[in-house]
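The structure under discussion appears below in the form of structure tokens.
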Amino acid sequence: MGKSTVIPFGPQHPVLPEPIHLDLELQDEKVVRASTSIGYVHRGLEKLVEKRGFQEYVYVAERVCGICSFGHGWGYSKAVEGLMGIEVPKRAEYLRTIWHELSRLHSHLLWVGLGADGMGFESLFMHAWRLREIILDIFESTTGGRVIFSACKVGGVRRDIADSELKEIVARLDKLKKEIDAMIYIILGDETIHARLRRVGVVTLEDAIALGCVGPTARASGLPLDYRCGDEGGAYKDLGFRPITETEGDCFARCKVRLRELLQSIDIIKGCVENMPAGDIAVPVKGFPPAAEHFTRVEQPRGEALYYVKGNKTKNLERFRLRTPTNVNIPVLVKMLQGCDLADVPNIILTIDPCISCCER
Amino acid sequence: MSYLAFAREMIGNLFKPPATSEYPFTPTKVYEADRGKVLNDINNCIFCGMCMRNCPSDAITVDRNARTWKINRFACVQCRECVTNCPKKCLSMDTEYTAPDTKKTEEVLQGPPPPPKPQVVLTEAQKAAIAAAQAKKAAAAKAAAESKANA
């Protein structure tokens, strides 16, 4: 064993979409220890809840992250609805589910692109992002925004999707599904991808439970942790949701979980369109949140996010707290990096799909 | 498993039209739902300030006395909250975005002067009725004051 060397990785690094810093302690080409530090994109959005009205804050909550923006808007609204005892109409719940699953589709397609870029597969990166454009167009035609949707509000949703438009979305998704099938065939069948991802960054089921990881990272280790089959709300209960799991726990398994979730999300959206109930899309919200607290969760594309709100009988909430999936996946990332090759570090970091701006808020 | 599994797709792409558009030369796709910049039909505006109170980014300032409606387009987050809350429906949303600028300017719209208040012409009988009502009110107030003093 030679002398160990510490090399910095990030915050600015070609494979990192967002700034996270890692100190990698190397012995020859092997990483023996890794330590992370975050704090490059902290914006203090949780504190803003004291300055903005509880209904206005939805727009701030959406801006926590550019990828799961609908999920954050939904999570905040759900927490405030629980605090105030508001029952959301069924149609609004179904519309929220559709937008949330579209978010998951575009997040996972974005991840396929970034992952491919991280291992030097530029053409797959371009291909995945081209498919993602179809989802962004659906978002733009239904909500008016491509990244920030402003579609969710406390008490329901702000826009309805007409039935004719829903049918058009299904037709577009059917077309997309064929392209995704072809892409999955390429990814799962390519020798180079196997060589880069198989048996790299393995998380055992015991480690996944002990380190408390969530989302596709946990599901790839055989831990069926998905809040959509819990009390998520939306249409998941009606549609009989089952989480997707793999057992290997390596980078390739995490990749497979996300690819299979792409197809599952399309099926969920189709199920929502078929069973779409008629009726109102929002209920009026009267009064201010009571002096109480409420806690809820939402299954984001990267895993389970926790929302906590505390009211004080005024227009502004007293406290809003958000724990995002990347926060809890960082310990498992550090564990995975111990003993890996330096060349595998980008793949390992990217397969947990880190979202640092979510993580720091 | 195979090597170059993506090669067929790549070669196929050589004969397909580009997925991107040449933006400044070809206009972008526009949807009806698009949220662009906020427009105000100032002649219908009553300067109630509902848009100002509901704006999450405090981009709109309404001065009722000066009859001005001011928007900082670079602070606006295009959430459509002002358009939804406008009681006169004089606010609307364009599908075009705000053009870039070198300075953070504000756009001020000056409303027309308020319409003159209608002059009311009273007949002799109405004037007498008003005078009688005022006298009755004064007498009642005097009686109330006296009863309070006695108590």
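We label chains A, B, ... in the order they appear in the structure tokens, count residues from 1 in each chain, and number ligands from 1 in the order shown.
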
Next on the checklist: To test your reading of the structure, identify every residue in range 93-139 of chain B that backbone DSSP assigns to helix (DSSP H, G or I), and report it as an MDAnalysis selection string.
Outcome noted: chainID B and resid 124:139

Item to check | Proximal residues of chain A relative to chain B (only C-alpha atoms; 6 Å) as an NGL selection string | outcome: :A and (56 or 141 or 144 or 150 or 186 or 189-191)

Checklist outcome for this item: The distance between CA of Asp58 in chain B and CA of Gln55 in chain A is 14.2 Å

Show which residues sit within 8 Å of Leu225 in chain A, as a short mmCIF file (atom, residue, chain, number, x, y, z; two decimals) with C-alpha atoms, in the first residue's frame. Count only C-alpha atoms, and ignore same-chain residues fewer than 5 positions away.
data_model
loop_
_atom_site.label_atom_id
_atom_site.label_comp_id
_atom_site.auth_asym_id
_atom_site.auth_seq_id
_atom_site.Cartn_x
_atom_site.Cartn_y
_atom_site.Cartn_z
CA VAL A 214 -34.75 5.89 0.06
CA GLY A 215 -36.17 5.86 -3.45
CA ALA A 218 -33.25 1.54 -1.73
CA ARG A 219 -35.46 -0.33 -4.20
CA PRO A 243 -43.27 -0.82 -6.10
#

Item to check | DSSP strand (DSSP E or B) residues within range 120-288 of chain A, as an NGL selection string | outcome: :A and (152-153 or 156-157 or 190 or 282)

Item to check | Point-to-point distance from CA of Arg260 in chain A to CA of Glu168 in chain A, Å rounded to tenths | outcome: 23.3 Å

Checklist entry - Which residue gives the smallest distance to Leu48 in chain A among A:Leu102, A:Leu317, A:Ile138, A:Leu211, with only C-alpha atoms counted? => result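 For Leu48 in chain A, the nearest of the given residues is A:Leu317.
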
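Here CA of Met84 in chain A is placed at a distance of 27.5 Å from CA of Glu360 in chain A.
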
Item to check | Contacts of Thr245 in chain A within 10 Å, only C-alpha atoms, excl. fewer than 2 positions in-chain, as a ChimeraX atom specification | outcome: /A:216-226,242-243,247-249,253-254,256-258,260-261

Print the selection's residues with N, CA and C atoms to a file, as a PDB file, in the first residue's frame.
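The file below, selection-v2.pdb, is the result:
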ATOM      1  N   PRO A 216     -35.250   4.956  -5.539  1.00  0.00           N
ATOM      2  CA  PRO A 216     -34.693   3.901  -6.389  1.00  0.00           C
ATOM      3  C   PRO A 216     -33.419   3.285  -5.807  1.00  0.00           C
ATOM      4  N   THR A 217     -32.643   4.071  -5.043  1.00  0.00           N
ATOM      5  CA  THR A 217     -31.425   3.534  -4.431  1.00  0.00           C
ATOM      6  C   THR A 217     -31.771   2.401  -3.470  1.00  0.00           C
ATOM      7  N   ALA A 218     -32.829   2.588  -2.669  1.00  0.00           N
ATOM      8  CA  ALA A 218     -33.248   1.541  -1.732  1.00  0.00           C
ATOM      9  C   ALA A 218     -33.900   0.393  -2.480  1.00  0.00           C
ATOM     10  N   ARG A 219     -34.722   0.718  -3.488  1.00  0.00           N
ATOM     11  CA  ARG A 219     -35.458  -0.330  -4.200  1.00  0.00           C
ATOM     12  C   ARG A 219     -34.518  -1.229  -5.007  1.00  0.00           C
ATOM     13  N   ALA A 220     -33.373  -0.679  -5.442  1.00  0.00           N
ATOM     14  CA  ALA A 220     -32.421  -1.496  -6.198  1.00  0.00           C
ATOM     15  C   ALA A 220     -31.726  -2.515  -5.300  1.00  0.00           C
ATOM     16  N   SER A 221     -31.757  -2.282  -3.975  1.00  0.00           N
ATOM     17  CA  SER A 221     -31.154  -3.244  -3.041  1.00  0.00           C
ATOM     18  C   SER A 221     -32.196  -4.211  -2.504  1.00  0.00           C
ATOM     19  N   GLY A 222     -33.386  -4.190  -3.050  1.00  0.00           N
ATOM     20  CA  GLY A 222     -34.416  -5.132  -2.631  1.00  0.00           C
ATOM     21  C   GLY A 222     -35.278  -4.630  -1.496  1.00  0.00           C
ATOM     22  N   LEU A 223     -35.180  -3.349  -1.154  1.00  0.00           N
ATOM     23  CA  LEU A 223     -36.001  -2.781  -0.079  1.00  0.00           C
ATOM     24  C   LEU A 223     -37.223  -2.124  -0.719  1.00  0.00           C
ATOM     25  N   PRO A 224     -38.409  -2.710  -0.581  1.00  0.00           N
ATOM     26  CA  PRO A 224     -39.571  -2.160  -1.316  1.00  0.00           C
ATOM     27  C   PRO A 224     -40.143  -0.914  -0.640  1.00  0.00           C
ATOM     28  N   LEU A 225     -39.341   0.136  -0.635  1.00  0.00           N
ATOM     29  CA  LEU A 225     -39.707   1.356   0.081  1.00  0.00           C
ATOM     30  C   LEU A 225     -40.252   2.371  -0.914  1.00  0.00           C
ATOM     31  N   ASP A 226     -41.565   2.470  -1.002  1.00  0.00           N
ATOM     32  CA  ASP A 226     -42.171   3.418  -1.927  1.00  0.00           C
ATOM     33  C   ASP A 226     -43.429   3.962  -1.275  1.00  0.00           C
ATOM     34  N   ARG A 242     -47.870  -1.145  -7.107  1.00  0.00           N
ATOM     35  CA  ARG A 242     -46.868  -2.053  -6.540  1.00  0.00           C
ATOM     36  C   ARG A 242     -45.472  -1.488  -6.829  1.00  0.00           C
ATOM     37  N   PRO A 243     -44.605  -1.375  -5.828  1.00  0.00           N
ATOM     38  CA  PRO A 243     -43.270  -0.822  -6.105  1.00  0.00           C
ATOM     39  C   PRO A 243     -42.396  -1.776  -6.922  1.00  0.00           C
ATOM     40  N   THR A 247     -32.651  -6.731  -6.905  1.00  0.00           N
ATOM     41  CA  THR A 247     -31.977  -7.278  -5.725  1.00  0.00           C
ATOM     42  C   THR A 247     -30.471  -7.086  -5.720  1.00  0.00           C
ATOM     43  N   GLU A 248     -29.871  -6.765  -6.875  1.00  0.00           N
ATOM     44  CA  GLU A 248     -28.400  -6.752  -6.922  1.00  0.00           C
ATOM     45  C   GLU A 248     -27.792  -5.620  -6.096  1.00  0.00           C
ATOM     46  N   GLY A 249     -28.430  -4.445  -6.103  1.00  0.00           N
ATOM     47  CA  GLY A 249     -27.917  -3.317  -5.325  1.00  0.00           C
ATOM     48  C   GLY A 249     -26.742  -2.599  -5.955  1.00  0.00           C
ATOM     49  N   ALA A 253     -28.402  -2.119 -11.214  1.00  0.00           N
ATOM     50  CA  ALA A 253     -29.742  -2.363 -10.656  1.00  0.00           C
ATOM     51  C   ALA A 253     -30.482  -1.044 -10.459  1.00  0.00           C
ATOM     52  N   ARG A 254     -29.770  -0.024 -10.008  1.00  0.00           N
ATOM     53  CA  ARG A 254     -30.407   1.290  -9.822  1.00  0.00           C
ATOM     54  C   ARG A 254     -30.858   1.841 -11.168  1.00  0.00           C
ATOM     55  N   LYS A 256     -31.690  -0.049 -13.739  1.00  0.00           N
ATOM     56  CA  LYS A 256     -32.835  -0.862 -14.174  1.00  0.00           C
ATOM     57  C   LYS A 256     -34.126  -0.430 -13.484  1.00  0.00           C
ATOM     58  N   VAL A 257     -34.023  -0.121 -12.160  1.00  0.00           N
ATOM     59  CA  VAL A 257     -35.215   0.316 -11.427  1.00  0.00           C
ATOM     60  C   VAL A 257     -35.794   1.566 -12.072  1.00  0.00           C
ATOM     61  N   ARG A 258     -34.934   2.506 -12.411  1.00  0.00           N
ATOM     62  CA  ARG A 258     -35.426   3.765 -12.991  1.00  0.00           C
ATOM     63  C   ARG A 258     -36.019   3.518 -14.375  1.00  0.00           C
ATOM     64  N   ARG A 260     -37.439   0.757 -15.456  1.00  0.00           N
ATOM     65  CA  ARG A 260     -38.739   0.088 -15.325  1.00  0.00           C
ATOM     66  C   ARG A 260     -39.788   1.058 -14.787  1.00  0.00           C
ATOM     67  N   GLU A 261     -39.350   2.012 -13.954  1.00  0.00           N
ATOM     68  CA  GLU A 261     -40.307   3.013 -13.437  1.00  0.00           C
ATOM     69  C   GLU A 261     -40.822   3.938 -14.529  1.00  0.00           C
TER      70      GLU A 261
END

Item to check | Spatial neighbours of Gly230 in chain A, 12 Å, only C-alpha atoms, chain gap at least 2 places, as JSON, numbers by chain | outcome: {"A": [224, 225, 226, 227, 228, 232, 233, 234, 235, 236, 237, 238, 240, 241, 242, 243, 296, 297, 298, 299, 304]}
